[in-house]
Structures are given as C-alpha cells and as structure tokens.
$ cat coords.pdb   # PDB, C-alpha atoms
ATOM      1  CA  MET A   1      -0.599   2.775  58.090  1.00  0.00           C
ATOM      2  CA  ASP A   2      -3.778   0.698  58.124  1.00  0.00           C
ATOM      3  CA  ARG A   3      -5.280  -0.273  54.777  1.00  0.00           C
ATOM      4  CA  PRO A   4      -9.040  -0.540  54.295  1.00  0.00           C
ATOM      5  CA  THR A   5     -10.148  -4.150  54.255  1.00  0.00           C
ATOM      6  CA  GLU A   6     -12.870  -6.237  52.746  1.00  0.00           C
ATOM      7  CA  PRO A   7     -14.922  -8.090  55.361  1.00  0.00           C
ATOM      8  CA  GLY A   8     -13.771 -11.628  56.079  1.00  0.00           C
ATOM      9  CA  ARG A   9     -15.988 -14.437  54.842  1.00  0.00           C
ATOM     10  CA  HIS A  10     -16.491 -17.907  56.304  1.00  0.00           C
ATOM     11  CA  GLY A  11     -14.153 -17.286  59.217  1.00  0.00           C
ATOM     12  CA  ARG A  12     -11.241 -16.201  57.005  1.00  0.00           C
ATOM     13  CA  PRO A  13      -9.246 -13.146  58.019  1.00  0.00           C
ATOM     14  CA  PRO A  14     -10.175  -9.937  56.230  1.00  0.00           C
ATOM     15  CA  VAL A  15      -8.429  -9.240  52.920  1.00  0.00           C
ATOM     16  CA  PRO A  16      -6.956  -5.800  52.269  1.00  0.00           C
ATOM     17  CA  ARG A  17      -9.249  -3.950  49.819  1.00  0.00           C
ATOM     18  CA  ASP A  18      -6.534  -3.296  47.226  1.00  0.00           C
ATOM     19  CA  LEU A  19      -5.722  -7.026  47.164  1.00  0.00           C
ATOM     20  CA  ALA A  20      -9.401  -7.909  46.964  1.00  0.00           C
ATOM     21  CA  LEU A  21      -9.846  -5.519  44.051  1.00  0.00           C
ATOM     22  CA  GLY A  22      -6.727  -6.950  42.388  1.00  0.00           C
ATOM     23  CA  ALA A  23      -8.087 -10.460  42.716  1.00  0.00           C
ATOM     24  CA  GLY A  24     -11.338  -9.333  41.123  1.00  0.00           C
ATOM     25  CA  SER A  25      -9.420  -7.691  38.280  1.00  0.00           C
ATOM     26  CA  ALA A  26      -7.332 -10.813  37.802  1.00  0.00           C
ATOM     27  CA  GLY A  27     -10.477 -12.931  37.716  1.00  0.00           C
ATOM     28  CA  ARG A  28     -12.032 -10.579  35.165  1.00  0.00           C
ATOM     29  CA  ALA A  29      -8.866 -10.708  33.078  1.00  0.00           C
ATOM     30  CA  LEU A  30      -8.948 -14.510  33.126  1.00  0.00           C
ATOM     31  CA  ASP A  31     -12.629 -14.499  32.152  1.00  0.00           C
ATOM     32  CA  GLU A  32     -11.923 -12.067  29.297  1.00  0.00           C
ATOM     33  CA  ALA A  33      -8.982 -14.172  28.112  1.00  0.00           C
ATOM     34  CA  ALA A  34     -11.137 -17.320  28.201  1.00  0.00           C
ATOM     35  CA  ALA A  35     -13.914 -15.564  26.259  1.00  0.00           C
ATOM     36  CA  ASP A  36     -11.350 -14.300  23.739  1.00  0.00           C
ATOM     37  CA  GLU A  37      -9.884 -17.795  23.327  1.00  0.00           C
ATOM     38  CA  ALA A  38     -13.396 -19.215  22.827  1.00  0.00           C
ATOM     39  CA  ALA A  39     -14.095 -16.544  20.171  1.00  0.00           C
ATOM     40  CA  ALA A  40     -10.780 -17.376  18.492  1.00  0.00           C
ATOM     41  CA  ASP A  41     -11.629 -21.108  18.498  1.00  0.00           C
ATOM     42  CA  GLU A  42     -15.068 -20.364  17.035  1.00  0.00           C
ATOM     43  CA  ALA A  43     -13.484 -18.158  14.343  1.00  0.00           C
ATOM     44  CA  ARG A  44     -11.029 -20.945  13.439  1.00  0.00           C
ATOM     45  CA  ARG A  45     -13.911 -23.419  13.109  1.00  0.00           C
ATOM     46  CA  ARG A  46     -16.097 -21.006  11.126  1.00  0.00           C
ATOM     47  CA  LEU A  47     -13.275 -19.936   8.825  1.00  0.00           C
ATOM     48  CA  HIS A  48     -12.295 -23.561   8.239  1.00  0.00           C
ATOM     49  CA  GLU A  49     -15.873 -24.485   7.312  1.00  0.00           C
ATOM     50  CA  GLN A  50     -16.963 -21.347   5.430  1.00  0.00           C
ATOM     51  CA  GLY A  51     -13.742 -19.645   4.409  1.00  0.00           C
ATOM     52  CA  ILE A  52     -13.349 -15.897   4.602  1.00  0.00           C
ATOM     53  CA  VAL A  53     -16.689 -14.126   4.441  1.00  0.00           C
ATOM     54  CA  PRO A  54     -16.186 -10.417   3.692  1.00  0.00           C
ATOM     55  CA  ILE A  55     -18.316  -7.835   5.463  1.00  0.00           C
ATOM     56  CA  GLU A  56     -19.862  -4.735   3.963  1.00  0.00           C
ATOM     57  CA  PRO A  57     -17.406  -1.818   4.215  1.00  0.00           C
ATOM     58  CA  ASP A  58     -18.560   1.389   5.859  1.00  0.00           C
ATOM     59  CA  ASP A  59     -18.060   4.761   4.155  1.00  0.00           C
ATOM     60  CA  ARG A  60     -14.775   5.463   5.912  1.00  0.00           C
ATOM     61  CA  ILE A  61     -12.965   2.303   4.751  1.00  0.00           C
ATOM     62  CA  GLY A  62     -14.847   1.825   1.480  1.00  0.00           C
ATOM     63  CA  VAL A  63     -13.007   4.693  -0.237  1.00  0.00           C
ATOM     64  CA  MET A  64      -9.617   3.226   0.760  1.00  0.00           C
ATOM     65  CA  LEU A  65     -10.103  -0.290  -0.581  1.00  0.00           C
ATOM     66  CA  ALA A  66      -8.134  -1.339  -3.652  1.00  0.00           C
ATOM     67  CA  PRO A  67      -9.912  -3.286  -6.408  1.00  0.00           C
ATOM     68  CA  GLY A  68     -10.556  -6.813  -5.134  1.00  0.00           C
ATOM     69  CA  GLU A  69      -9.724  -5.927  -1.526  1.00  0.00           C
ATOM     70  CA  ARG A  70     -12.417  -6.864   1.004  1.00  0.00           C
ATOM     71  CA  VAL A  71     -13.064  -6.059   4.675  1.00  0.00           C
ATOM     72  CA  VAL A  72     -12.811  -9.160   6.850  1.00  0.00           C
ATOM     73  CA  ALA A  73     -13.219  -7.732  10.374  1.00  0.00           C
ATOM     74  CA  VAL A  74     -13.599  -4.486  12.291  1.00  0.00           C
ATOM     75  CA  HIS A  75     -12.416  -3.931  15.857  1.00  0.00           C
ATOM     76  CA  ARG A  76     -13.693  -0.765  17.557  1.00  0.00           C
ATOM     77  CA  ALA A  77     -11.913   1.352  20.171  1.00  0.00           C
ATOM     78  CA  VAL A  78      -8.457  -0.093  19.572  1.00  0.00           C
ATOM     79  CA  SER A  79      -5.219   1.452  20.793  1.00  0.00           C
ATOM     80  CA  LEU A  80      -2.246   1.095  18.481  1.00  0.00           C
ATOM     81  CA  GLU A  81       1.296   1.892  19.532  1.00  0.00           C
ATOM     82  CA  ARG A  82       4.145   1.848  17.051  1.00  0.00           C
ATOM     83  CA  ARG A  83       7.571   0.893  18.363  1.00  0.00           C
ATOM     84  CA  LYS A  84      10.798   1.530  16.526  1.00  0.00           C
ATOM     85  CA  GLY A  85      13.266   0.725  19.282  1.00  0.00           C
ATOM     86  CA  TRP A  86      11.699   3.512  21.319  1.00  0.00           C
ATOM     87  CA  LEU A  87       8.172   4.425  22.260  1.00  0.00           C
ATOM     88  CA  ASP A  88       6.036   6.181  19.668  1.00  0.00           C
ATOM     89  CA  PRO A  89       6.238   9.930  20.365  1.00  0.00           C
ATOM     90  CA  LEU A  90       2.515  10.174  19.676  1.00  0.00           C
ATOM     91  CA  GLY A  91       1.814   7.504  22.296  1.00  0.00           C
ATOM     92  CA  GLY A  92      -0.998   5.031  21.788  1.00  0.00           C
ATOM     93  CA  LEU A  93      -3.324   6.007  18.990  1.00  0.00           C
ATOM     94  CA  GLY A  94      -7.002   5.265  19.662  1.00  0.00           C
ATOM     95  CA  GLY A  95      -9.381   4.384  16.859  1.00  0.00           C
ATOM     96  CA  ASP A  96     -10.954   1.605  14.832  1.00  0.00           C
ATOM     97  CA  LEU A  97      -8.953  -1.226  13.250  1.00  0.00           C
ATOM     98  CA  TYR A  98     -10.000  -2.815   9.967  1.00  0.00           C
ATOM     99  CA  VAL A  99      -8.638  -6.151   8.800  1.00  0.00           C
ATOM    100  CA  THR A 100      -8.863  -6.418   5.031  1.00  0.00           C
ATOM    101  CA  THR A 101      -7.730  -9.131   2.677  1.00  0.00           C
ATOM    102  CA  ARG A 102      -4.494  -7.157   2.175  1.00  0.00           C
ATOM    103  CA  ARG A 103      -3.917  -4.761   5.084  1.00  0.00           C
ATOM    104  CA  LEU A 104      -4.486  -3.714   8.659  1.00  0.00           C
ATOM    105  CA  ILE A 105      -5.842  -0.167   8.628  1.00  0.00           C
ATOM    106  CA  HIS A 106      -6.158   1.809  11.867  1.00  0.00           C
ATOM    107  CA  PHE A 107      -8.293   4.948  11.798  1.00  0.00           C
ATOM    108  CA  GLY A 108      -7.164   7.131  14.686  1.00  0.00           C
ATOM    109  CA  PRO A 109      -5.843  10.681  14.938  1.00  0.00           C
ATOM    110  CA  VAL A 110      -3.239   9.569  12.384  1.00  0.00           C
ATOM    111  CA  PRO A 111      -4.306   6.797   9.975  1.00  0.00           C
ATOM    112  CA  VAL A 112      -1.828   3.898  10.031  1.00  0.00           C
ATOM    113  CA  GLU A 113      -1.735   0.865   7.778  1.00  0.00           C
ATOM    114  CA  TYR A 114       0.363  -2.268   7.465  1.00  0.00           C
ATOM    115  CA  ALA A 115       0.407  -4.735   4.577  1.00  0.00           C
ATOM    116  CA  LEU A 116      -0.422  -8.206   5.876  1.00  0.00           C
ATOM    117  CA  CYS A 117       2.442  -9.665   3.845  1.00  0.00           C
ATOM    118  CA  GLU A 118       4.874  -7.569   5.943  1.00  0.00           C
ATOM    119  CA  ILE A 119       3.817  -9.146   9.263  1.00  0.00           C
ATOM    120  CA  ARG A 120       6.598 -11.460  10.446  1.00  0.00           C
ATOM    121  CA  GLU A 121       5.345 -12.400  13.933  1.00  0.00           C
ATOM    122  CA  ALA A 122       2.088 -12.068  15.879  1.00  0.00           C
ATOM    123  CA  VAL A 123       2.081 -12.800  19.620  1.00  0.00           C
ATOM    124  CA  VAL A 124      -0.541 -12.221  22.299  1.00  0.00           C
ATOM    125  CA  ALA A 125       1.034 -10.869  25.471  1.00  0.00           C
ATOM    126  CA  THR A 126      -0.444  -8.995  28.433  1.00  0.00           C
ATOM    127  CA  GLY A 127      -3.820  -8.618  26.745  1.00  0.00           C
ATOM    128  CA  ALA A 128      -2.452  -7.068  23.554  1.00  0.00           C
ATOM    129  CA  LEU A 129      -1.440  -8.316  20.130  1.00  0.00           C
ATOM    130  CA  ARG A 130       2.179  -7.566  19.375  1.00  0.00           C
ATOM    131  CA  LEU A 131       3.333  -7.620  15.780  1.00  0.00           C
ATOM    132  CA  ILE A 132       6.752  -7.536  14.184  1.00  0.00           C
ATOM    133  CA  VAL A 133       6.294  -5.846  10.823  1.00  0.00           C
ATOM    134  CA  GLY A 134       8.821  -5.579   8.010  1.00  0.00           C
ATOM    135  CA  GLU A 135      12.389  -5.143   9.122  1.00  0.00           C
ATOM    136  CA  GLY A 136      11.958  -5.151  12.889  1.00  0.00           C
ATOM    137  CA  ARG A 137       9.265  -2.523  13.392  1.00  0.00           C
ATOM    138  CA  GLY A 138       7.067  -3.315  16.355  1.00  0.00           C
ATOM    139  CA  VAL A 139       3.370  -2.621  16.729  1.00  0.00           C
ATOM    140  CA  GLU A 140       1.320  -3.222  19.859  1.00  0.00           C
ATOM    141  CA  ILE A 141      -2.440  -3.377  19.404  1.00  0.00           C
ATOM    142  CA  GLU A 142      -4.527  -3.157  22.557  1.00  0.00           C
ATOM    143  CA  VAL A 143      -7.829  -4.708  21.618  1.00  0.00           C
ATOM    144  CA  HIS A 144     -10.591  -6.391  23.601  1.00  0.00           C
ATOM    145  CA  ASP A 145     -10.008  -9.700  21.803  1.00  0.00           C
ATOM    146  CA  PRO A 146      -6.326 -10.033  20.776  1.00  0.00           C
ATOM    147  CA  ARG A 147      -6.498 -13.811  20.208  1.00  0.00           C
ATOM    148  CA  LEU A 148      -9.425 -13.428  17.828  1.00  0.00           C
ATOM    149  CA  LEU A 149      -7.572 -10.667  15.967  1.00  0.00           C
ATOM    150  CA  ARG A 150      -4.494 -12.906  15.683  1.00  0.00           C
ATOM    151  CA  VAL A 151      -6.652 -15.690  14.164  1.00  0.00           C
ATOM    152  CA  GLU A 152      -8.269 -13.276  11.687  1.00  0.00           C
ATOM    153  CA  ILE A 153      -4.872 -11.998  10.559  1.00  0.00           C
ATOM    154  CA  ALA A 154      -3.422 -15.521  10.279  1.00  0.00           C
ATOM    155  CA  VAL A 155      -6.339 -16.824   8.216  1.00  0.00           C
ATOM    156  CA  VAL A 156      -6.252 -13.884   5.813  1.00  0.00           C
ATOM    157  CA  ARG A 157      -2.474 -14.168   5.429  1.00  0.00           C
ATOM    158  CA  GLU A 158      -2.791 -17.899   4.747  1.00  0.00           C
ATOM    159  CA  ALA A 159      -5.529 -17.306   2.165  1.00  0.00           C
ATOM    160  CA  ALA A 160      -3.365 -14.682   0.468  1.00  0.00           C
ATOM    161  CA  ARG A 161      -0.515 -17.193   0.178  1.00  0.00           C
ATOM    162  CA  ALA A 162      -2.726 -20.046  -1.092  1.00  0.00           C
ATOM    163  CA  PRO A 163      -3.500 -18.596  -4.541  1.00  0.00           C
ATOM    164  CA  ALA A 164       0.209 -18.073  -5.195  1.00  0.00           C
ATOM    165  CA  THR A 165       0.832 -21.815  -4.839  1.00  0.00           C
ATOM    166  CA  ASP A 166      -2.162 -22.531  -7.064  1.00  0.00           C
ATOM    167  CA  LEU A 167      -0.514 -20.517  -9.838  1.00  0.00           C
ATOM    168  CA  VAL A 168       2.285 -23.068 -10.093  1.00  0.00           C
ATOM    169  CA  PRO A 169       0.955 -25.837 -12.347  1.00  0.00           C
ATOM    170  CA  GLU A 170       1.633 -29.452 -11.552  1.00  0.00           C
ATOM    171  CA  PRO A 171       4.303 -30.879 -13.874  1.00  0.00           C
ATOM    172  CA  THR A 172       2.849 -33.084 -16.587  1.00  0.00           C
ATOM    173  CA  GLU A 173       4.145 -35.373 -19.278  1.00  0.00           C
ATOM    174  CA  PRO A 174       3.871 -34.265 -22.929  1.00  0.00           C
ATOM    175  CA  ASP A 175       0.675 -36.329 -23.298  1.00  0.00           C
ATOM    176  CA  GLY A 176      -0.906 -34.269 -20.499  1.00  0.00           C
ATOM    177  CA  GLY A 177      -0.810 -37.049 -17.930  1.00  0.00           C
ATOM    178  CA  PRO A 178       0.905 -36.886 -14.554  1.00  0.00           C
ATOM    179  CA  PRO A 179       4.650 -37.496 -14.437  1.00  0.00           C
ATOM    180  CA  PRO A 180       5.814 -40.979 -13.517  1.00  0.00           C
ATOM    181  CA  ALA A 181       6.575 -41.619  -9.848  1.00  0.00           C
ATOM    182  CA  GLN A 182      10.177 -41.007  -8.852  1.00  0.00           C
ATOM    183  CA  GLY A 183      12.286 -44.088  -9.532  1.00  0.00           C
ATOM    184  CA  ALA A 184       9.521 -45.840 -11.530  1.00  0.00           C
ATOM    185  CA  GLY A 185      10.627 -47.655 -14.690  1.00  0.00           C
ATOM    186  CA  ARG A 186      14.315 -47.159 -14.057  1.00  0.00           C
TER     187      ARG A 186
END

$ encode --input "coords.pdb" --output "structure tokens"
Amino acid sequence: MDRPTEPGRHGRPPVPRDLALGAGSAGRALDEAAADEAAADEARRRLHEQGIVPIEPDDRIGVMLAPGERVVAVHRAVSLERRKGWLDPLGGLGGDLYVTTRRLIHFGPVPVEYALCEIREAVVATGALRLIVGEGRGVEIEVHDPRLLRVEIAVVREAARAPATDLVPEPTEPDGGPPPAQGAGR
C-alpha cells in the first residue's frame, strides 16, 4: 500500500508523511525538553539567590494549608497516575498540582496528596516526572515542565531538611567557646 508523502526538498527523495510528522513531533519534543531544562536552570539560579518565595494561595488550596505551610508552585492541567505494582484503576487523573512547603496536592476528580518527606526518588522519563513515594508506591506526573517540577520539589525538600540540622547546636566548652580541635593539646 502506498503511503502519502511529503514533497521532497532540495533534490532529496520524498519522505513518507507519517515519518515527516514524527520528525516534527520529535523536534517539538526536543524543543520542549530544552525549554523545560532552561526553566529548571533558571529556577535553580533564582532559588539559590532568593530562596523559596511563596505565592498567594487561591481559594481552593488556601483552605487546605496547615499553619505555616505555603504554596511554592502551581502546575495546571497535570495528569497524575498512581502505580502500586499495577495501573491505577481510575487511570490518569487530570487536574491542577500544587507544590507546598510540605506536600504535593493534586486537585482532580479525586484529590490526592503526598508529603514531600515521603518522596524517595524523582526521575524525569519520557516527558513525565516519576516519583517513588513511601514504601515503593509509584506516581507518574505528566506535566508540561517535569524538570522544573523536579527542581521545585528538590529545593523545598532541601529547605525542609535544613532547619532540622539548625536545631542541633554546635558543641561548646563550658565557658561558651568552641571546643578544641581534635588532637589539640594532647
């Protein structure tokens, strides 16, 4: 069976239309990945210089925030698929994803949330962010900018861990000064 073709250019033989469309899709995917990586790099730079800057919560998320919890980012039209060794019977859930200082909250047909401290791994693969949460639960988040989302999650998780280390005081001598260097005076 003959396939429709795209006209040949510059003396090259014609390219089958489905291959030409695939090449265009691949090029678009590469452009989107490059734009996502640039946004992720910019977010790393901005977050390094300014720290986490919370955004004003909308009415939907505002009522769900715990005292001291802030909204860091919102990603619209996100598909979330939970995996527990098998595909989620509900399939991918479409909705908006909020990154807060403590949780990921997805507002779809069924609200879903994950504590950031439960995230064990975050990997970008095939245009989606894949998370391992808790004891081996998988979550795949199809979002326009998965690399940016991974950076946002990583920065918030790191900031959440930082205060815990600040709570451990540096050891001091009884006079309040720093302890002597190891091996000094012995």

$ residues_near_point --input "coords.pdb" --point "(-8.3, -8.7, -1.6)" --cutoff "12 Å" --atoms "all atoms listed in the file" --output "PyMOL selection string"
chain A and resi 52-54+65-72+99-103+115-116+156-157+159-161+163

$ closest_residue --input "coords.pdb" --among "A:Val133, A:Leu149, A:Leu93, A:Val143" --to "Glu121 in chain A" --atoms "all atoms listed in the file"
A:Val133

$ atom_distance --input "coords.pdb" --atom1 "CA of Met64 in chain A" --atom2 "CA of Ile105 in chain A"
9.4 Å

$ residues_around --input "coords.pdb" --residues "Thr126 in chain A" --least-positions-apart "2" --cutoff "12 Å" --atoms "only C-alpha atoms" --output "PDB file with C-alpha atoms, in the frame of the given file"
ATOM      1  CA  ALA A  26      -7.332 -10.813  37.802  1.00  0.00           C
ATOM      2  CA  ALA A  29      -8.866 -10.708  33.078  1.00  0.00           C
ATOM      3  CA  LEU A  30      -8.948 -14.510  33.126  1.00  0.00           C
ATOM      4  CA  GLU A  32     -11.923 -12.067  29.297  1.00  0.00           C
ATOM      5  CA  ALA A  33      -8.982 -14.172  28.112  1.00  0.00           C
ATOM      6  CA  VAL A 123       2.081 -12.800  19.620  1.00  0.00           C
ATOM      7  CA  VAL A 124      -0.541 -12.221  22.299  1.00  0.00           C
ATOM      8  CA  ALA A 128      -2.452  -7.068  23.554  1.00  0.00           C
ATOM      9  CA  LEU A 129      -1.440  -8.316  20.130  1.00  0.00           C
ATOM     10  CA  ARG A 130       2.179  -7.566  19.375  1.00  0.00           C
ATOM     11  CA  GLU A 140       1.320  -3.222  19.859  1.00  0.00           C
ATOM     12  CA  ILE A 141      -2.440  -3.377  19.404  1.00  0.00           C
ATOM     13  CA  GLU A 142      -4.527  -3.157  22.557  1.00  0.00           C
ATOM     14  CA  VAL A 143      -7.829  -4.708  21.618  1.00  0.00           C
ATOM     15  CA  HIS A 144     -10.591  -6.391  23.601  1.00  0.00           C
ATOM     16  CA  ASP A 145     -10.008  -9.700  21.803  1.00  0.00           C
ATOM     17  CA  PRO A 146      -6.326 -10.033  20.776  1.00  0.00           C
ATOM     18  CA  ARG A 147      -6.498 -13.811  20.208  1.00  0.00           C
TER      19      ARG A 147
END

$ atom_distance --input "coords.pdb" --atom1 "CA of Cys117 in chain A" --atom2 "CA of Glu56 in chain A"
22.8 Å

$ atom_distance --input "coords.pdb" --atom1 "CA of Val78 in chain A" --atom2 "CA of Arg150 in chain A"
14.0 Å

$ resolve_selection --input "coords.pdb" --expression "the PyMOL selection byres ((chain A and resi 135) around 12)" --output "list in words"
Lys84, Gly85, Glu118, Ile119, Arg120, Glu121, Leu131, Ile132, Val133, Gly134, Gly136, Arg137 and Gly138 of chain A

$ axis_aligned_box --input "coords.pdb" --around "range 137-154 of chain A" --padding-each-side "8 Å" --output "JSON"
{"center_x": -0.7, "center_y": -9.1, "center_z": 16.9, "size_x": 35.9, "size_y": 29.2, "size_z": 29.3}

$ closest_residue --input "coords.pdb" --among "A:Arg28, A:Glu81, A:Ala40, A:Asp96" --to "Arg60 in chain A" --atoms "only C-alpha atoms"
A:Asp96

$ closest_residue --input "coords.pdb" --among "A:Arg45, A:Val139, A:Ile55, A:Ala34" --to "Ser79 in chain A" --atoms "all atoms listed in the file"
A:Val139

$ closest_residue --input "coords.pdb" --among "A:Glu152, A:Leu97, A:Leu104, A:Leu80" --to "Ala39 in chain A" --atoms "all atoms listed in the file"
A:Glu152

$ closest_residue --input "coords.pdb" --among "A:Ala162, A:Leu148, A:Pro57, A:Glu113" --to "Glu42 in chain A" --atoms "only C-alpha atoms"
A:Leu148

$ decode --input "coords.pdb" --residues "range 55-145 of chain A" --atoms "C-alpha atoms" --output "compact mmCIF listing (two decimals), in the first residue's frame"
# COMPACT_ATOMS: atom_id res chain seq x y z
CA ILE A 55 2.91 32.56 46.12
CA GLU A 56 -0.55 33.68 47.15
CA PRO A 57 -2.82 30.63 47.54
CA ASP A 58 -6.09 30.55 45.63
CA ASP A 59 -9.37 29.73 47.39
CA ARG A 60 -9.21 26.03 46.56
CA ILE A 61 -5.81 25.37 48.18
CA GLY A 62 -5.98 28.08 50.84
CA VAL A 63 -8.47 26.13 52.97
CA MET A 64 -6.22 23.03 52.91
CA LEU A 65 -3.00 24.65 54.09
CA ALA A 66 -1.74 23.83 57.57
CA PRO A 67 -0.42 26.66 59.77
CA GLY A 68 2.95 27.76 58.39
CA GLU A 69 2.51 25.85 55.12
CA ARG A 70 2.99 27.94 51.98
CA VAL A 71 2.30 27.42 48.26
CA VAL A 72 5.51 27.35 46.25
CA ALA A 73 4.27 26.50 42.73
CA VAL A 74 1.15 25.61 40.77
CA HIS A 75 1.11 23.46 37.64
CA ARG A 76 -2.14 23.49 35.65
CA ALA A 77 -3.63 20.65 33.59
CA VAL A 78 -1.50 17.90 35.08
CA SER A 79 -2.19 14.19 34.76
CA LEU A 80 -1.34 12.08 37.77
CA GLU A 81 -1.25 8.30 37.69
CA ARG A 82 -0.74 6.27 40.84
CA ARG A 83 1.04 2.94 40.48
CA LYS A 84 1.02 0.24 43.10
CA GLY A 85 2.54 -2.60 41.10
CA TRP A 86 -0.39 -2.30 38.71
CA LEU A 87 -2.00 0.56 36.87
CA ASP A 88 -4.36 2.82 38.79
CA PRO A 89 -7.91 1.58 38.16
CA LEU A 90 -9.03 5.19 37.84
CA GLY A 91 -6.41 5.80 35.14
CA GLY A 92 -4.67 9.14 34.89
CA LEU A 93 -6.32 11.82 36.97
CA GLY A 94 -6.38 15.27 35.36
CA GLY A 95 -6.23 18.42 37.44
CA ASP A 96 -4.02 21.06 38.99
CA LEU A 97 -0.92 20.25 41.06
CA TYR A 98 0.18 22.44 43.95
CA VAL A 99 3.65 22.24 45.45
CA THR A 100 3.61 23.48 49.03
CA THR A 101 6.35 23.65 51.61
CA ARG A 102 5.12 20.28 52.94
CA ARG A 103 3.11 18.44 50.28
CA LEU A 104 2.20 17.81 46.68
CA ILE A 105 -1.56 18.27 46.33
CA HIS A 106 -3.34 17.27 43.11
CA PHE A 107 -6.87 18.56 42.60
CA GLY A 108 -8.55 16.26 40.11
CA PRO A 109 -11.70 14.13 40.20
CA VAL A 110 -10.20 12.60 43.35
CA PRO A 111 -7.90 14.86 45.41
CA VAL A 112 -4.52 13.20 46.02
CA GLU A 113 -1.70 14.39 48.23
CA TYR A 114 1.79 13.23 49.10
CA ALA A 115 4.01 14.50 51.91
CA LEU A 116 7.29 15.75 50.45
CA CYS A 117 9.21 13.93 53.18
CA GLU A 118 7.86 10.62 51.79
CA ILE A 119 9.37 11.13 48.31
CA ARG A 120 12.32 8.76 47.92
CA GLU A 121 13.18 9.26 44.23
CA ALA A 122 12.26 11.74 41.49
CA VAL A 123 13.22 10.96 37.88
CA VAL A 124 12.25 12.60 34.60
CA ALA A 125 11.49 9.99 31.95
CA THR A 126 9.53 10.18 28.70
CA GLY A 127 8.30 13.70 29.43
CA ALA A 128 6.89 12.87 32.86
CA LEU A 129 8.11 13.09 36.44
CA ARG A 130 8.13 9.71 38.12
CA LEU A 131 8.21 9.56 41.89
CA ILE A 132 8.78 6.74 44.33
CA VAL A 133 6.82 7.64 47.45
CA GLY A 134 6.94 5.92 50.83
CA GLU A 135 7.38 2.19 50.69
CA GLY A 136 7.54 1.63 46.95
CA ARG A 137 4.42 3.42 45.74
CA GLY A 138 4.89 4.91 42.30
CA VAL A 139 3.42 8.12 40.96
CA GLU A 140 3.75 9.38 37.41
CA ILE A 141 3.03 13.06 36.85
CA GLU A 142 2.56 14.16 33.26
CA VAL A 143 3.27 17.86 33.30
CA HIS A 144 4.42 20.34 30.66
CA ASP A 145 7.65 21.02 32.57
